[in-house]
Number of protein chains: 2
Amino acid sequence: MNFCNACGGRLVSKLPRDDDRERHVCSECGTVHYQNPKIVTGCLPVWKDSVLLCKRAIEPRRGFWTVPAGFMELDETVQQGAIRETWEEARARVDLLAPYALFNLPHVNQVYLIFRARLISPDFRPGPESQDVKLFGERSIPWDDLAFGTVRQTLQFYFQDRPQGRYPLRTGTILAEEGKFRFEAAPDDQLAQ
Amino acid sequence: MNFCNACGGRLVSKLPRDDDRERHVCSECGTVHYQNPKIVTGCLPVWKDSVLLCKRAIEPRRGFWTVPAGFMELDETVQQGAIRETWEEARARVDLLAPYALFNLPHVNQVYLIFRARLISPDFRPGPESQDVKLFGERSIPWDDLAFGTVRQTLQFYFQDRPQGRYPLRTGTILAEEGKFRFEAAPDDQLAQ
């Protein structure tokens with residue numbers, strides 16, 4: 001961030017009055033440019049005993065498998081965003097059941113929100129951002145070829161919870177430490193109650 | 001948004017290749033400037049039979065009562081943000097219990113996430129953004145002087161759920177229609193299961 005998107009003036013890093021952290025502030029018009037984390041919204045689509053995964057056709061992690069998910073857009077709800085991403089990436093229609101994973105990714109300033117969902121029919125095909133879309137049973141999940149730690153963690157929780165038929169909201173943080181990723185359940189994870 | 005914050009060039013509204021909606025794109029360096037919703041994180045602090053509310057000292061809704069909440073910052077988790085806001089606005093320390101309200105506010109491009117929380121002690125006082133901080137029993141909630149529809153909705157759900165001692169995550173959307181606000185529960189609200 002170098003220039004003010006309102007007036008084109010130079011940005012300086014400074015502490016605004018009544019604030020407690022430095023912000024990008026315009027040296028010409030004084031506009032404060034806040035930066036905040038973004039929401040990635042998506043779902044885990046289920047059909048009978050299988051879950052739907054998409055093989056990414058784009059970077060990052062091209063060729064690896066993910067659940068349908070992407071950045072929430074303006075003027076939509078998290079639910080609409082999850083349904084939209086599922087259509088864009090897998091050309092699949094879903095009914096959302098409930099929020100299931102709420103993970104922080106502070107190293108990339110994202111919050112990842114995944115719903116459990118039911119495929120309305122077993123009709124799907126790759127959208128432009130996917131090379132392939134497939135249903136996987138628990139024994140055939142491509143654990144070594146998953147795109148992101150968030151996907152791995154969501155699937156682990158799902159297969160752990162499924163025998164009980166209870167799916168509490170799972171909350172926690174993906175921590176990047178020395179180039180490795182580690183999941184830390186939040187103290188408010190509902191299983192800790 | 002008029003100018004590119006990377007190079008200072010003029011922004012134009014156009015459809016980037018492989019995208020499906022218009023974005024602000026720099027006419028000089030080609031940078032695409034995405035805009036996404038922001039997360040407001042906070043909590044409903046409870047002490048015995050009472051809940052903690054803050055009387056706002058700043059606009060919007062100066063003089064009206066709210067739960068401690070505010071924009072999630074970079075480099076923090078939603079949980080850390082909720083705890084930070086509670087300290088900033090009410091000088092109170094809390095243990096978060098579980099996510100309780102997840103509301104969309106598409107008319108302002110915000111997602112509102114509120115945790116149920118337990119005050120660690122009945123020590124609190126107004127922070128710089130509050131005129132007053134007080135504990136309210138159910139019968140003394142200032143319903144006519146609440147700052148936001150999100151606060152009203154969170155409190156209504158809380159007092160509705162409290163007799164059962166069960167607090168499912170509540171999800172829905174605050175819709176602004178003809179200058180009025182209306183809450184619409186999401187089909188994935190856990191009570192609809």
# chains A, B, ... in the order shown; residues from 1 in each chain; ligands from 1
call {"tool": "interface_residues", "arguments": {"of": "chain A", "to": "chain B", "cutoff": "6 Å", "atoms": "only C-alpha atoms", "output": "list in words"}}
result
Met1, Asn2, Phe3, Cys4, Asn5, Ala6, Gly8, Asn36, Pro37, Glu73, Leu74, Asp75, Glu76, Thr77, Leu96, Leu97, Ala98, Asn104, Pro106, Asn109 and Asp188 of chain A
call {"tool": "residues_around", "arguments": {"residues": "B:Leu52", "least_positions_apart": "2", "cutoff": "6 Å", "atoms": "only C-alpha atoms", "output": "MDAnalysis selection string"}}
result
chainID B and resid 45 134:135
call {"tool": "select_by_dssp", "arguments": {"residues": "stretch 41-154 of chain B", "states": "alpha helix (DSSP H)", "output": "list of chain:residue names"}}
result
B:Val78, B:Gln79, B:Gln80, B:Gly81, B:Ala82, B:Ile83, B:Arg84, B:Glu85, B:Thr86, B:Trp87, B:Glu88, B:Glu89, B:Ala90, B:Gly149, B:Thr150, B:Val151, B:Arg152, B:Gln153, B:Thr154
call {"tool": "atom_distance", "arguments": {"atom1": "atom CA of A:Val67", "atom2": "atom CA of A:Leu53"}}
result
5.0 Å
call {"tool": "select_by_dssp", "arguments": {"residues": "stretch 48-149 of chain B", "states": "strand (DSSP E)", "output": "number ranges by chain"}}
result
B: 50-56, 65-66, 69-71, 94-105, 110-119, 130-136
